[in-house]
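Data block for protein.cif (mmCIF, C-alpha atoms):
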```
data_work
#
loop_
_atom_site.label_atom_id
_atom_site.label_comp_id
_atom_site.auth_asym_id
_atom_site.auth_seq_id
_atom_site.Cartn_x
_atom_site.Cartn_y
_atom_site.Cartn_z
CA LEU I 1 4.50 -4.17 4.76
CA GLY I 2 5.06 -0.99 2.78
CA ARG I 3 2.56 1.40 4.44
CA TYR I 4 1.25 2.19 7.92
CA ASP I 5 -2.35 1.34 6.93
CA ARG I 6 -1.34 -2.07 5.60
CA LEU I 7 0.28 -2.78 8.97
CA GLY I 8 -2.85 -1.56 10.78
CA THR I 9 -5.28 -3.74 8.83
CA PHE I 10 -2.88 -6.69 9.11
CA ILE I 11 -2.72 -6.39 12.92
CA GLY I 12 -6.47 -5.85 13.14
CA PHE I 13 -7.11 -9.01 11.10
CA PHE I 14 -5.21 -11.27 13.48
CA LEU I 15 -6.52 -9.55 16.60
CA LEU I 16 -10.02 -10.48 15.41
CA ILE I 17 -8.98 -14.11 14.92
CA ALA I 18 -7.48 -13.93 18.43
CA THR I 19 -10.78 -12.50 19.72
CA GLY I 20 -12.66 -15.53 18.40
CA MET I 21 -10.13 -17.82 20.08
CA LEU I 22 -10.34 -15.93 23.37
CA TYR I 23 -14.10 -16.47 23.49
CA GLU I 24 -14.10 -20.12 22.42
CA ILE I 25 -10.89 -21.77 23.62
CA ARG I 26 -10.83 -22.80 27.27
CA HIS I 27 -7.27 -24.11 27.62
CA ALA I 28 -5.61 -21.99 30.35
CA ARG I 29 -2.13 -21.77 28.76
CA ILE I 30 -3.52 -20.76 25.37
CA ARG I 31 -5.73 -18.10 26.96
CA LYS I 32 -2.69 -16.59 28.73
CA GLU I 33 -0.87 -16.43 25.41
CA LEU I 34 -3.90 -14.78 23.79
CA TRP I 35 -3.98 -12.08 26.46
CA LEU I 36 -0.29 -11.44 25.69
CA VAL I 37 -1.20 -11.06 22.01
CA PHE I 38 -3.71 -8.35 22.94
CA LEU I 39 -1.29 -6.69 25.37
CA LEU I 40 1.20 -6.24 22.53
CA GLY I 41 -1.18 -6.03 19.59
CA LEU I 42 -3.59 -3.30 20.71
CA PRO I 43 -0.89 -0.65 21.38
CA ALA I 44 0.79 -1.62 18.10
CA LEU I 45 -2.52 -1.17 16.26
CA ALA I 46 -3.07 2.23 17.89
CA LEU I 47 0.43 3.41 16.98
CA THR I 48 0.04 2.53 13.31
CA TYR I 49 -2.23 5.62 13.08
CA SER I 50 -4.31 3.62 10.59
CA ARG I 51 -7.93 4.65 11.02
CA SER I 52 -9.02 1.92 8.63
CA GLY I 53 -7.25 -0.59 10.87
CA TRP I 54 -8.85 0.93 13.99
CA PHE I 55 -12.39 1.12 12.66
CA GLY I 56 -12.23 -2.28 10.98
CA PHE I 57 -11.04 -3.92 14.19
CA VAL I 58 -13.67 -2.13 16.30
CA LEU I 59 -16.47 -3.11 13.90
CA GLY I 60 -15.36 -6.75 13.82
CA PHE I 61 -14.82 -6.85 17.58
CA LEU I 62 -18.26 -5.40 18.33
CA LEU I 63 -19.86 -7.87 15.94
CA ILE I 64 -18.17 -10.75 17.75
CA ALA I 65 -18.43 -9.54 21.36
CA TRP I 66 -21.61 -7.46 21.36
CA VAL I 67 -23.83 -9.01 18.68
CA LEU I 68 -22.81 -12.68 18.59
CA LYS I 69 -21.54 -13.30 22.14
CA ARG I 70 -23.75 -10.66 23.83
CA ASP I 71 -20.96 -9.74 26.22
CA ARG I 72 -22.28 -7.16 28.71
CA ARG I 73 -18.73 -6.14 29.65
CA VAL I 74 -18.19 -4.88 26.12
CA LYS I 75 -21.41 -2.85 26.21
CA LEU I 76 -20.24 -1.21 29.43
CA ALA I 77 -16.81 -0.56 27.89
CA VAL I 78 -18.40 1.11 24.85
CA GLY I 79 -20.48 3.33 27.13
CA GLY I 80 -17.36 4.22 29.10
CA PHE I 81 -15.47 5.05 25.91
CA LEU I 82 -18.22 7.38 24.71
CA ILE I 83 -18.30 9.17 28.06
CA ALA I 84 -14.49 9.47 28.07
CA SER I 85 -14.53 10.85 24.51
CA VAL I 86 -17.06 13.54 25.37
CA ALA I 87 -15.10 14.40 28.53
CA TYR I 88 -11.85 14.61 26.53
CA LEU I 89 -13.39 17.08 24.08
CA GLY I 90 -14.78 19.12 26.96
CA VAL I 91 -11.46 19.28 28.85
CA THR I 92 -9.18 19.90 25.87
CA GLY I 93 -11.51 22.21 23.94
CA LEU I 94 -10.68 20.33 20.73
CA VAL I 95 -12.78 21.59 17.81
CA VAL I 96 -13.42 18.45 15.76
CA ASN I 97 -14.80 20.19 12.66
CA ARG I 98 -11.54 22.13 12.17
CA LEU I 99 -9.13 19.22 12.41
CA ILE I 100 -6.96 18.42 9.39
CA ASP I 101 -4.23 15.85 8.81
CA VAL I 102 -0.88 17.09 10.15
CA PRO I 103 2.28 15.09 11.03
CA SER I 104 2.23 16.17 14.70
CA GLN I 105 -1.22 14.70 15.48
CA THR I 106 -1.76 12.71 18.64
CA VAL I 107 -3.63 9.40 18.50
CA ALA I 108 -6.76 11.12 19.86
CA GLU I 109 -6.58 13.90 17.25
CA ARG I 110 -6.07 11.34 14.52
CA PHE I 111 -9.23 9.54 15.66
CA PHE I 112 -11.41 12.66 15.90
CA GLU I 113 -10.11 14.00 12.58
CA ALA I 114 -12.04 11.23 10.82
CA PHE I 115 -15.23 13.16 11.74
CA SER I 116 -13.93 16.61 10.78
CA TYR I 117 -15.86 18.67 8.22
CA ALA I 118 -12.65 20.48 7.26
CA ARG I 119 -11.03 17.16 6.43
CA TRP I 120 -14.02 15.98 4.38
CA GLN I 121 -14.06 19.28 2.51
CA GLY I 122 -10.35 19.05 1.75
CA GLU I 123 -10.71 15.44 0.67
CA TYR I 124 -13.50 16.31 -1.75
CA TYR I 125 -11.96 19.38 -3.35
CA GLY I 126 -8.53 17.75 -3.33
CA LEU I 127 -9.93 14.88 -5.43
CA GLY I 128 -9.51 12.43 -2.59
CA ARG I 129 -11.59 9.45 -1.50
CA LEU I 130 -14.71 11.46 -0.72
CA PHE I 131 -14.76 12.97 -4.21
CA TRP I 132 -14.98 9.47 -5.69
CA ILE I 133 -17.55 8.25 -3.15
CA VAL I 134 -19.81 11.02 -4.44
CA ASN I 135 -18.96 10.99 -8.16
CA THR I 136 -18.62 7.28 -8.92
CA PRO I 137 -22.37 6.60 -8.44
CA LEU I 138 -23.24 9.90 -10.16
CA HIS I 139 -21.10 9.58 -13.29
CA VAL I 140 -19.25 6.26 -13.62
CA ILE I 141 -22.01 3.76 -12.85
CA PRO I 142 -24.78 5.36 -14.99
CA ALA I 143 -22.48 5.19 -18.03
CA SER I 144 -22.38 1.37 -17.82
CA PRO I 145 -24.67 0.23 -15.00
CA LEU I 146 -25.13 -3.48 -15.67
CA PHE I 147 -21.79 -4.89 -16.83
CA GLY I 148 -19.39 -2.08 -15.92
CA HIS I 149 -16.49 -0.67 -17.93
CA GLY I 150 -14.38 -3.83 -17.74
CA PRO I 151 -11.51 -5.12 -15.59
CA GLY I 152 -8.53 -2.81 -15.31
CA GLN I 153 -10.51 0.18 -16.58
CA PHE I 154 -11.43 2.15 -13.47
CA GLY I 155 -10.30 2.86 -9.95
CA GLY I 156 -8.01 -0.04 -9.08
CA GLY I 157 -4.33 -0.94 -9.04
CA ALA I 158 -4.32 -2.21 -12.64
CA VAL I 159 -5.60 1.04 -14.17
CA SER I 160 -3.09 2.95 -12.05
CA ALA I 161 -0.12 0.77 -13.00
CA LEU I 162 -1.00 0.78 -16.72
CA ARG I 163 -1.92 4.51 -16.73
CA ASN I 164 -5.16 3.60 -18.47
CA THR I 165 -7.06 6.89 -18.72
CA ARG I 166 -9.70 5.84 -21.28
CA VAL I 167 -12.78 5.73 -19.03
CA TYR I 168 -11.78 8.89 -17.16
CA ASN I 169 -11.32 10.78 -20.43
CA GLU I 170 -14.62 9.54 -21.86
CA LEU I 171 -16.51 10.64 -18.73
CA GLY I 172 -14.63 13.91 -18.25
CA LEU I 173 -13.30 12.90 -14.83
CA PRO I 174 -9.85 13.42 -13.26
CA PHE I 175 -7.50 10.44 -13.32
CA GLY I 176 -8.23 9.04 -9.86
CA VAL I 177 -7.03 10.37 -6.51
CA ALA I 178 -5.34 13.79 -6.83
CA GLY I 179 -6.19 13.69 -10.54
CA SER I 180 -3.04 11.71 -11.33
CA GLU I 181 -2.94 8.41 -9.43
CA GLY I 182 -5.55 6.31 -11.26
CA TYR I 183 -6.90 4.49 -8.20
CA ILE I 184 -9.82 5.89 -6.19
CA ASP I 185 -9.05 4.51 -2.69
CA ASN I 186 -12.25 2.48 -2.56
CA ASN I 187 -12.37 -1.17 -3.62
CA TRP I 188 -16.16 -1.46 -3.64
CA LEU I 189 -16.69 1.50 -5.94
CA SER I 190 -13.81 0.37 -8.15
CA LEU I 191 -15.35 -3.11 -8.46
CA TRP I 192 -18.75 -1.59 -9.15
CA GLY I 193 -17.33 0.62 -11.89
CA GLU I 194 -15.36 -2.22 -13.50
CA THR I 195 -17.77 -5.15 -13.19
CA GLY I 196 -21.09 -3.31 -13.01
CA THR I 197 -24.04 -4.02 -10.77
CA LEU I 198 -24.08 -7.71 -11.74
CA GLY I 199 -20.43 -8.10 -10.79
CA MET I 200 -20.99 -6.37 -7.48
CA ILE I 201 -23.93 -8.65 -6.70
CA PHE I 202 -21.82 -11.75 -7.33
CA TYR I 203 -18.89 -10.43 -5.29
CA LEU I 204 -21.13 -9.45 -2.39
CA ALA I 205 -22.79 -12.87 -2.61
CA MET I 206 -19.38 -14.50 -2.03
CA MET I 207 -18.84 -12.37 1.07
CA VAL I 208 -22.32 -13.20 2.40
CA ILE I 209 -21.78 -16.92 1.78
CA LEU I 210 -18.46 -16.82 3.65
CA PHE I 211 -20.04 -15.00 6.58
CA ARG I 212 -22.98 -17.39 6.77
CA LEU I 213 -20.68 -20.41 6.57
CA SER I 214 -18.47 -18.99 9.33
CA TYR I 215 -21.53 -18.31 11.47
CA LYS I 216 -22.85 -21.83 10.90
CA LEU I 217 -19.49 -23.38 11.75
CA TRP I 218 -19.31 -21.33 14.94
CA ARG I 219 -22.82 -22.31 16.02
CA GLU I 220 -22.81 -25.97 14.97
CA GLY I 221 -19.16 -27.03 14.94
CA LYS I 222 -18.03 -29.61 17.49
CA ASP I 223 -14.31 -28.82 17.40
CA GLU I 224 -13.27 -25.98 19.71
CA PHE I 225 -10.57 -24.68 17.35
CA ALA I 226 -12.93 -24.71 14.35
CA ARG I 227 -15.52 -22.69 16.29
CA ALA I 228 -12.86 -20.21 17.42
CA VAL I 229 -11.53 -19.58 13.90
CA ALA I 230 -15.07 -19.32 12.52
CA LEU I 231 -16.11 -16.77 15.15
CA GLY I 232 -13.00 -14.70 14.50
CA PHE I 233 -13.57 -14.86 10.75
CA CYS I 234 -17.12 -13.53 11.17
CA GLY I 235 -15.55 -10.37 12.56
CA VAL I 236 -12.91 -10.38 9.85
CA VAL I 237 -15.51 -10.38 7.05
CA ALA I 238 -17.12 -7.26 8.54
CA ALA I 239 -13.75 -5.58 9.09
CA VAL I 240 -12.43 -6.27 5.59
CA ALA I 241 -15.70 -5.09 4.03
CA LEU I 242 -15.21 -1.76 5.83
CA ASN I 243 -11.48 -1.64 5.01
CA ALA I 244 -12.29 -2.10 1.32
CA PHE I 245 -14.56 0.93 1.41
CA LEU I 246 -11.76 3.10 2.84
CA ALA I 247 -8.93 2.08 0.48
CA SER I 248 -7.88 -0.62 -1.99
CA PHE I 249 -7.15 -3.26 0.66
CA LEU I 250 -8.67 -6.12 -1.36
CA GLU I 251 -5.64 -5.62 -3.61
CA ALA I 252 -3.09 -5.38 -0.80
CA ARG I 253 -0.88 -8.47 -0.88
CA THR I 254 -0.90 -9.00 2.89
CA LEU I 255 -4.54 -8.49 3.84
CA ALA I 256 -6.07 -10.01 0.68
CA PHE I 257 -3.85 -13.10 0.87
CA TYR I 258 -4.75 -13.84 4.48
CA PHE I 259 -8.43 -13.02 4.00
CA TRP I 260 -8.89 -15.56 1.21
CA GLY I 261 -6.46 -17.98 2.87
CA TYR I 262 -8.50 -18.02 6.07
CA ALA I 263 -11.69 -18.22 4.03
CA GLY I 264 -10.29 -21.47 2.61
CA VAL I 265 -9.49 -22.66 6.14
CA VAL I 266 -13.09 -22.01 7.21
CA VAL I 267 -14.41 -23.95 4.19
CA VAL I 268 -12.13 -26.91 4.93
CA LEU I 269 -13.06 -26.94 8.62
CA ALA I 270 -16.77 -26.75 7.75
CA HIS I 271 -16.33 -29.70 5.39
CA LYS I 272 -14.46 -31.63 8.09
CA GLU I 273 -17.36 -30.96 10.49
CA GLY I 274 -19.81 -32.26 7.90
CA LEU I 275 -21.55 -28.91 7.44
CA ILE I 276 -20.89 -28.70 3.69
CA ASN I 277 -19.93 -31.11 0.91
CA LEU I 278 -17.00 -30.37 -1.39
#
```
Would it be possible to restate this file's structure as structure tokens?
Amino acid sequence: LGRYDRLGTFIGFFLLIATGMLYEIRHARIRKELWLVFLLGLPALALTYSRSGWFGFVLGFLLIAWVLKRDRRVKLAVGGFLIASVAYLGVTGLVVNRLIDVPSQTVAERFFEAFSYARWQGEYYGLGRLFWIVNTPLHVIPASPLFGHGPGQFGGGAVSALRNTRVYNELGLPFGVAGSEGYIDNNWLSLWGETGTLGMIFYLAMMVILFRLSYKLWREGKDEFARAVALGFCGVVAAVALNAFLASFLEARTLAFYFWGYAGVVVVLAHKEGLINL
């Protein structure tokens, strides 16, 4: 898949679909196979060291299990995890604010590093993702707030591949991450800068429509498989929305392809159930 984070978000995507199936499908043999998927998939996800994959999966899983299914077991598990995390910090003496990214990190250190002030500081002054989270709304959006600077002009894979520095030069900004890469590691801010506030509204509207359709199919669908896929896709929409804020995953061939592919599956299943007309 090319990168560890692409593998992480890819695994997280299908674990969320599997979560929807685990809650909705009652066939004993299929449920055994789903538990096997989790037995293999969760350690694989952890060992990718992809925080975007971890956090996206957790957000989607909590949306499915805690918010939609109101599973008390999950609430207890979250409480247990928080207690275990505090105990781990107390026993190990790990100072979270001083953690930085090093090759020898453990899985636990990799997780806690996401909340480290030293890491955030390094990311900002090193022209990383945090620098662009702060400066895109401050400098890029005000220069063209309504319609944006145009496709392929700011923050995404196209401007990076074509080495298109025009907008950066006009605004006096470095050329993306590290001042040389072009992309800004944040799909939402890149879309906002390129398509403006109107473009962002339309794109977000598509995401909201997909979520609402998935939710409706889960609640009103008669077919067990359709409900399972719809429930899983509700979690996927939340996960991918978070993933897109942490990197350019809406442009990644694996995750983007399956996201829109499964969106099409949800639409077709909703049409088959008579919930929408095509």
Please identify all polymer residues within 10 Å of I:Val240, counting all atoms listed in the file, omitting same-chain residues fewer than 5 positions from it, and present them as a PDB file with C-alpha atoms, in the frame of the given file.
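Now in around-v1.pdb:
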```pdb
ATOM      1  CA  THR I   9      -5.280  -3.740   8.830  1.00  0.00           C
ATOM      2  CA  GLY I  12      -6.470  -5.850  13.140  1.00  0.00           C
ATOM      3  CA  PHE I  13      -7.110  -9.010  11.100  1.00  0.00           C
ATOM      4  CA  SER I  52      -9.020   1.920   8.630  1.00  0.00           C
ATOM      5  CA  GLY I  53      -7.250  -0.590  10.870  1.00  0.00           C
ATOM      6  CA  GLY I  56     -12.230  -2.280  10.980  1.00  0.00           C
ATOM      7  CA  PHE I  57     -11.040  -3.920  14.190  1.00  0.00           C
ATOM      8  CA  LEU I  59     -16.470  -3.110  13.900  1.00  0.00           C
ATOM      9  CA  GLY I  60     -15.360  -6.750  13.820  1.00  0.00           C
ATOM     10  CA  MET I 207     -18.840 -12.370   1.070  1.00  0.00           C
ATOM     11  CA  GLY I 235     -15.550 -10.370  12.560  1.00  0.00           C
ATOM     12  CA  PHE I 245     -14.560   0.930   1.410  1.00  0.00           C
ATOM     13  CA  LEU I 246     -11.760   3.100   2.840  1.00  0.00           C
ATOM     14  CA  PHE I 249      -7.150  -3.260   0.660  1.00  0.00           C
ATOM     15  CA  LEU I 250      -8.670  -6.120  -1.360  1.00  0.00           C
ATOM     16  CA  LEU I 255      -4.540  -8.490   3.840  1.00  0.00           C
ATOM     17  CA  ALA I 256      -6.070 -10.010   0.680  1.00  0.00           C
ATOM     18  CA  PHE I 259      -8.430 -13.020   4.000  1.00  0.00           C
TER      19      PHE I 259
END
```
Using all atoms listed in the file, the best pick from I:Arg166, I:Gly193, I:Ser104, I:Phe131 as closest to I:Pro151 would be I:Gly193
Could you give me, as a short mmCIF file (atom, residue, chain, number, x, y, z; two decimals) with C-alpha atoms, in the coordinates of the input, the residues that have an atom at most 10 Å away from the point (-13.3, 16.0, 11.8) in the coordinates of the file, using all atoms listed in the file?
```
data_model
loop_
_atom_site.label_atom_id
_atom_site.label_comp_id
_atom_site.auth_asym_id
_atom_site.auth_seq_id
_atom_site.Cartn_x
_atom_site.Cartn_y
_atom_site.Cartn_z
CA VAL I 95 -12.78 21.59 17.81
CA VAL I 96 -13.42 18.45 15.76
CA ASN I 97 -14.80 20.19 12.66
CA ARG I 98 -11.54 22.13 12.17
CA LEU I 99 -9.13 19.22 12.41
CA ILE I 100 -6.96 18.42 9.39
CA ASP I 101 -4.23 15.85 8.81
CA GLU I 109 -6.58 13.90 17.25
CA ARG I 110 -6.07 11.34 14.52
CA PHE I 111 -9.23 9.54 15.66
CA PHE I 112 -11.41 12.66 15.90
CA GLU I 113 -10.11 14.00 12.58
CA ALA I 114 -12.04 11.23 10.82
CA PHE I 115 -15.23 13.16 11.74
CA SER I 116 -13.93 16.61 10.78
CA TYR I 117 -15.86 18.67 8.22
CA ALA I 118 -12.65 20.48 7.26
CA ARG I 119 -11.03 17.16 6.43
CA TRP I 120 -14.02 15.98 4.38
CA GLN I 121 -14.06 19.28 2.51
#
```
Contacts of I:Leu34 at 10 Å or less, counting all atoms listed in the file, minus same-chain residues fewer than 2 places along, as a list in words?
-> Leu15, Ala18, Thr19, Met21, Leu22, Ile25, Ala28, Arg29, Ile30, Arg31, Lys32, Leu36, Val37, Phe38 and Leu39 of chain I
Counting only C-alpha atoms, the residue of I:Leu94, I:Ile276, I:Ile141, I:Ala108 that sits nearest I:Trp192 = I:Ile141
Neighbour residues at most 12 Å from (-9.3, 14.1, -13.3) (only C-alpha atoms) as a short mmCIF file (atom, residue, chain, number, x, y, z; two decimals) with C-alpha atoms, in the coordinates of the input:
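And here is the file that came out, result_23.cif:
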```cif
data_model
loop_
_atom_site.label_atom_id
_atom_site.label_comp_id
_atom_site.auth_asym_id
_atom_site.auth_seq_id
_atom_site.Cartn_x
_atom_site.Cartn_y
_atom_site.Cartn_z
CA TYR I 125 -11.96 19.38 -3.35
CA GLY I 126 -8.53 17.75 -3.33
CA LEU I 127 -9.93 14.88 -5.43
CA GLY I 128 -9.51 12.43 -2.59
CA PHE I 131 -14.76 12.97 -4.21
CA TRP I 132 -14.98 9.47 -5.69
CA ASN I 135 -18.96 10.99 -8.16
CA GLY I 155 -10.30 2.86 -9.95
CA THR I 165 -7.06 6.89 -18.72
CA ARG I 166 -9.70 5.84 -21.28
CA VAL I 167 -12.78 5.73 -19.03
CA TYR I 168 -11.78 8.89 -17.16
CA ASN I 169 -11.32 10.78 -20.43
CA GLU I 170 -14.62 9.54 -21.86
CA LEU I 171 -16.51 10.64 -18.73
CA GLY I 172 -14.63 13.91 -18.25
CA LEU I 173 -13.30 12.90 -14.83
CA PRO I 174 -9.85 13.42 -13.26
CA PHE I 175 -7.50 10.44 -13.32
CA GLY I 176 -8.23 9.04 -9.86
CA VAL I 177 -7.03 10.37 -6.51
CA ALA I 178 -5.34 13.79 -6.83
CA GLY I 179 -6.19 13.69 -10.54
CA SER I 180 -3.04 11.71 -11.33
CA GLU I 181 -2.94 8.41 -9.43
CA GLY I 182 -5.55 6.31 -11.26
CA TYR I 183 -6.90 4.49 -8.20
CA ILE I 184 -9.82 5.89 -6.19
#
```
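In this structure, atom CA of I:Asp5 sits 9.8 Å away from atom CA of I:Asn243.
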Interatomic distance between atom CA of I:Leu275 and atom CA of I:Lys69?
-> 21.4 Å
What separation in Å, quoted to one decimal, exists between atom CA of I:Val266 and atom CA of I:Val229?
->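 The value is 7.3 Å.
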Nearest residue to I:Ile201 from the set I:Gln153, I:Phe147, I:Phe14, I:Lys216 (distances using all atoms listed in the file) =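 When distances to I:Ile201 are compared using all atoms listed in the file, the smallest one comes from I:Phe147.
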With all atoms listed in the file as the basis for distance, which of I:Trp188, I:Tyr88, I:Tyr49, I:Tyr124 is at the shortest distance from I:Ala244?
->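 For I:Ala244, the nearest of the given residues is I:Trp188.
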I:Ala77, I:Leu204, I:Ala263, I:Val107 ranked by distance to I:Leu45, top pick (using all atoms listed in the file) =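 Closest to I:Leu45, using all atoms listed in the file: I:Val107.
Of the residues listed (I:Ala247, I:Ala44, I:Leu213, I:Ala230), I:Ala247 shows the shortest atom-to-atom separation from I:Asn187; distances use only C-alpha atoms.
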Output the residue selection produced by the PyMOL selection byres ((chain I and resi 195) around 10) on the file above, formatted as an MDAnalysis selection string.
-> chainID I and resid 141 144:154 189:194 196:203
Picked residues, the PyMOL selection byres ((chain I and resi 226) around 12), expected as a PyMOL selection string | chain I and resi 17+20-21+24-25+213-225+227-233+262+265-273+275
Start from the incomplete input, build N, CA and C atoms for stretch 88-115 of chain I, and deliver everything as a short mmCIF file (atom, residue, chain, number, x, y, z; two decimals), in the frame of the given file.
```cif
data_model
loop_
_atom_site.label_atom_id
_atom_site.label_comp_id
_atom_site.auth_asym_id
_atom_site.auth_seq_id
_atom_site.Cartn_x
_atom_site.Cartn_y
_atom_site.Cartn_z
N TYR I 88 -13.11 14.18 27.13
CA TYR I 88 -11.85 14.61 26.53
C TYR I 88 -12.05 15.88 25.70
N LEU I 89 -13.11 15.90 24.90
CA LEU I 89 -13.39 17.08 24.08
C LEU I 89 -13.71 18.28 24.95
N GLY I 90 -14.43 18.02 26.06
CA GLY I 90 -14.78 19.12 26.96
C GLY I 90 -13.56 19.69 27.67
N VAL I 91 -12.65 18.84 28.10
CA VAL I 91 -11.46 19.28 28.85
C VAL I 91 -10.45 19.95 27.94
N THR I 92 -10.21 19.37 26.76
CA THR I 92 -9.18 19.90 25.87
C THR I 92 -9.66 21.05 24.99
N GLY I 93 -10.98 21.17 24.82
CA GLY I 93 -11.51 22.21 23.94
C GLY I 93 -11.24 21.94 22.48
N LEU I 94 -10.98 20.70 22.12
CA LEU I 94 -10.68 20.33 20.73
C LEU I 94 -11.90 20.57 19.85
N VAL I 95 -11.70 21.30 18.76
CA VAL I 95 -12.78 21.59 17.81
C VAL I 95 -12.68 20.58 16.67
N VAL I 96 -13.54 19.57 16.69
CA VAL I 96 -13.42 18.45 15.76
C VAL I 96 -13.57 18.91 14.31
N ASN I 97 -14.52 19.79 14.03
CA ASN I 97 -14.80 20.19 12.66
C ASN I 97 -13.66 20.93 11.98
N ARG I 98 -12.67 21.38 12.75
CA ARG I 98 -11.54 22.13 12.17
C ARG I 98 -10.28 21.29 12.03
N LEU I 99 -10.33 20.05 12.45
CA LEU I 99 -9.13 19.22 12.41
C LEU I 99 -8.78 18.84 10.98
N ILE I 100 -7.49 18.88 10.68
CA ILE I 100 -6.96 18.42 9.39
C ILE I 100 -5.76 17.53 9.66
N ASP I 101 -5.33 16.81 8.65
CA ASP I 101 -4.23 15.85 8.81
C ASP I 101 -2.90 16.59 8.85
N VAL I 102 -2.21 16.50 10.00
CA VAL I 102 -0.88 17.09 10.15
C VAL I 102 0.04 16.06 10.78
N PRO I 103 1.35 16.11 10.51
CA PRO I 103 2.28 15.09 11.03
C PRO I 103 2.36 15.03 12.55
N SER I 104 2.06 16.13 13.24
CA SER I 104 2.23 16.17 14.70
C SER I 104 0.99 15.72 15.47
N GLN I 105 0.01 15.12 14.80
CA GLN I 105 -1.22 14.70 15.48
C GLN I 105 -0.95 13.67 16.57
N THR I 106 -1.73 13.77 17.63
CA THR I 106 -1.76 12.71 18.64
C THR I 106 -2.71 11.61 18.16
N VAL I 107 -2.71 10.48 18.85
CA VAL I 107 -3.63 9.40 18.50
C VAL I 107 -5.07 9.87 18.61
N ALA I 108 -5.39 10.63 19.66
CA ALA I 108 -6.76 11.12 19.86
C ALA I 108 -7.16 12.06 18.73
N GLU I 109 -6.28 12.97 18.35
CA GLU I 109 -6.58 13.90 17.25
C GLU I 109 -6.75 13.17 15.93
N ARG I 110 -5.95 12.15 15.73
CA ARG I 110 -6.07 11.34 14.52
C ARG I 110 -7.44 10.67 14.46
N PHE I 111 -7.91 10.18 15.60
CA PHE I 111 -9.23 9.54 15.66
C PHE I 111 -10.33 10.55 15.36
N PHE I 112 -10.33 11.68 16.06
CA PHE I 112 -11.41 12.66 15.90
C PHE I 112 -11.38 13.32 14.53
N GLU I 113 -10.21 13.38 13.90
CA GLU I 113 -10.11 14.00 12.58
C GLU I 113 -10.96 13.29 11.53
N ALA I 114 -11.22 12.00 11.76
CA ALA I 114 -12.04 11.23 10.82
C ALA I 114 -13.45 11.82 10.70
N PHE I 115 -13.88 12.59 11.72
CA PHE I 115 -15.23 13.16 11.74
C PHE I 115 -15.22 14.67 11.49
#
```
